[in-house]
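Please read the structure below before turning to the comments.
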There are 2 protein chains.
Amino acid sequence: MQTILIYSGGLDSTTLLYHLRAEGQTVAALSVDYGQRHRQEVVAAQALCAALGVEHQVVDLRAVRPLLAGSSQTDPTVAVPQGHYADLTMKQTVVPNRNMLLLALAGAWAVSRQAEAIAYAAHGGDHAIYPDCRPAFVAAFAQTLALANWHPVTVLAPFLALDKAAIVRLGASLGVPFGQTWSCYDPQTDLSTGRTLHCGRCGTCCERALSFDEAGIEDPTIYMDTTYWKRVSLPKT
Amino acid sequence: MQTILIYSGGLDSTTLLYHLRAEGQTVAALSVDYGQRHRQEVVAAQALCAALGVEHQVVDLRAVRPLLAGSSQTDPTVAVPQGHYADLTMKQTVVPNRNMLLLALAGAWAVSRQAEAIAYAAHGGDHAIYPDCRPAFVAAFAQTLALANWHPVTVLAPFLALDKAAIVRLGASLGVPFGQTWSCYDPQTDLSTGRTLHCGRCGTCCERALSFDEAGIEDPTIYMDTTYWKRVSLPKT
């Protein structure tokens, strides 16, 4: 089966890439540069695909940025909130209609090349903040995509019922090189080395560090602030 | 009410622009350059919006073209079919997942600026060829958009039950300057004048000419081949 994977170069979608390949699927990866503050993820995606020999298409959608204002990830005037994801301020990181746009692009590419499926790595922990990671959204999208084209395309979102700690455990079992994946929403430059590091304070850094901790797996990530995620209050469950 | 209109500069969406404004809506128009063979429509859209003083955003999506191969409208190796739309060959003009992509972009812009609605001009005559113009697609898309974002956006497609002749009649009653709208999928250069003209032979030209004829309204369009639509057999109903 040929599957188009929406691929950010992050922990979740990299684990999904390894998972699909372990299932014997032929994967073509699609990354989108939409002018996100965290474009470092596209660099990570390119390196990871090159290492695996996976076909990879990076689409330059920076021209769309005027349509996506208001999010901290696409609007330089909005600061990236710090702390755990459950905080309401995290809604500032929501990019308007982002996942529908990415899925629509993946769907177009799948129809164009007659691929059987598209896949994305939305997971259970995303639901509270990101409406476009909820199972109801995925089901509605899949139905819409089926109606939008003559060629049928299946929508795969196998992590919908998993939390991020479970994804870390799965990734570890598949040999995912976690240290090469990129999550951070607010990349920082380490002035002593010139390297770009995970900030350690944004919602996705806190979630990443917490998930390794919960999974009982060593976190190879180099965070600028290594202990922030432990110092701030945990999200309420 | 503020509405984002997906605006091609064609007869249908221009009539919808006039219709929404006649209803008192504030319209912002969104045109997309996706590398379509018929980019002349974007030029028409710009001129028509400028004349009305309508806010207009043209998004350059040409980088997406590699994802849209296989259609005569985005792939220079596929010829534009000639004749009436009902012919099966017209499916070559279908751009993979095009309307979902355009609607997803319009949805993003609507959420970003907190507009109440998005609108597009799919009509009854489109259904047989374009799956993404069917009422079932529009309903499924509207549900998906509602689930994809916290801000609610209504999807307006008021021409779904109209045929193109009815749209011509409506446009005439609203004073639409039909001669300035662009439909043709295969623009031709008139070598004697240097002007870009409607070919008169592609599906959308045949449909356009036939619709004016059926509506009993004079067609101001200058076609390269002025009588082709009458010479070829009509679509079977």
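Residue names in the structure tokens use chain letters A, B, ... in the order shown, residue numbers from 1 in each chain, and ligand numbers from 1 in the order shown.
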> What residues in chain B lie within 9 Å of chain A, counting only C-alpha atoms, written as a count of residues only?
Replying inline: 52
>> Please return, as a ChimeraX atom specification, all residues of segment 40-125 of chain A that DSSP assigns to helix (DSSP H, G or I) on the basis of the backbone.
In response: /A:40-52,62-68,88-93,98-113,124-125
> Contacts of Glu55 of chain A at 12 Å or less, counting only C-alpha atoms, minus same-chain residues fewer than 6 places along, as a count of residues only?
Replying inline: 17
> If you count only C-alpha atoms, which residues fall within 12 Å of Asp219 of chain A, apart from same-chain ones fewer than 5 positions away, as a PyMOL selection string?
Replying inline: chain A and resi 11+165+168-169+172+177-181+205-214+226
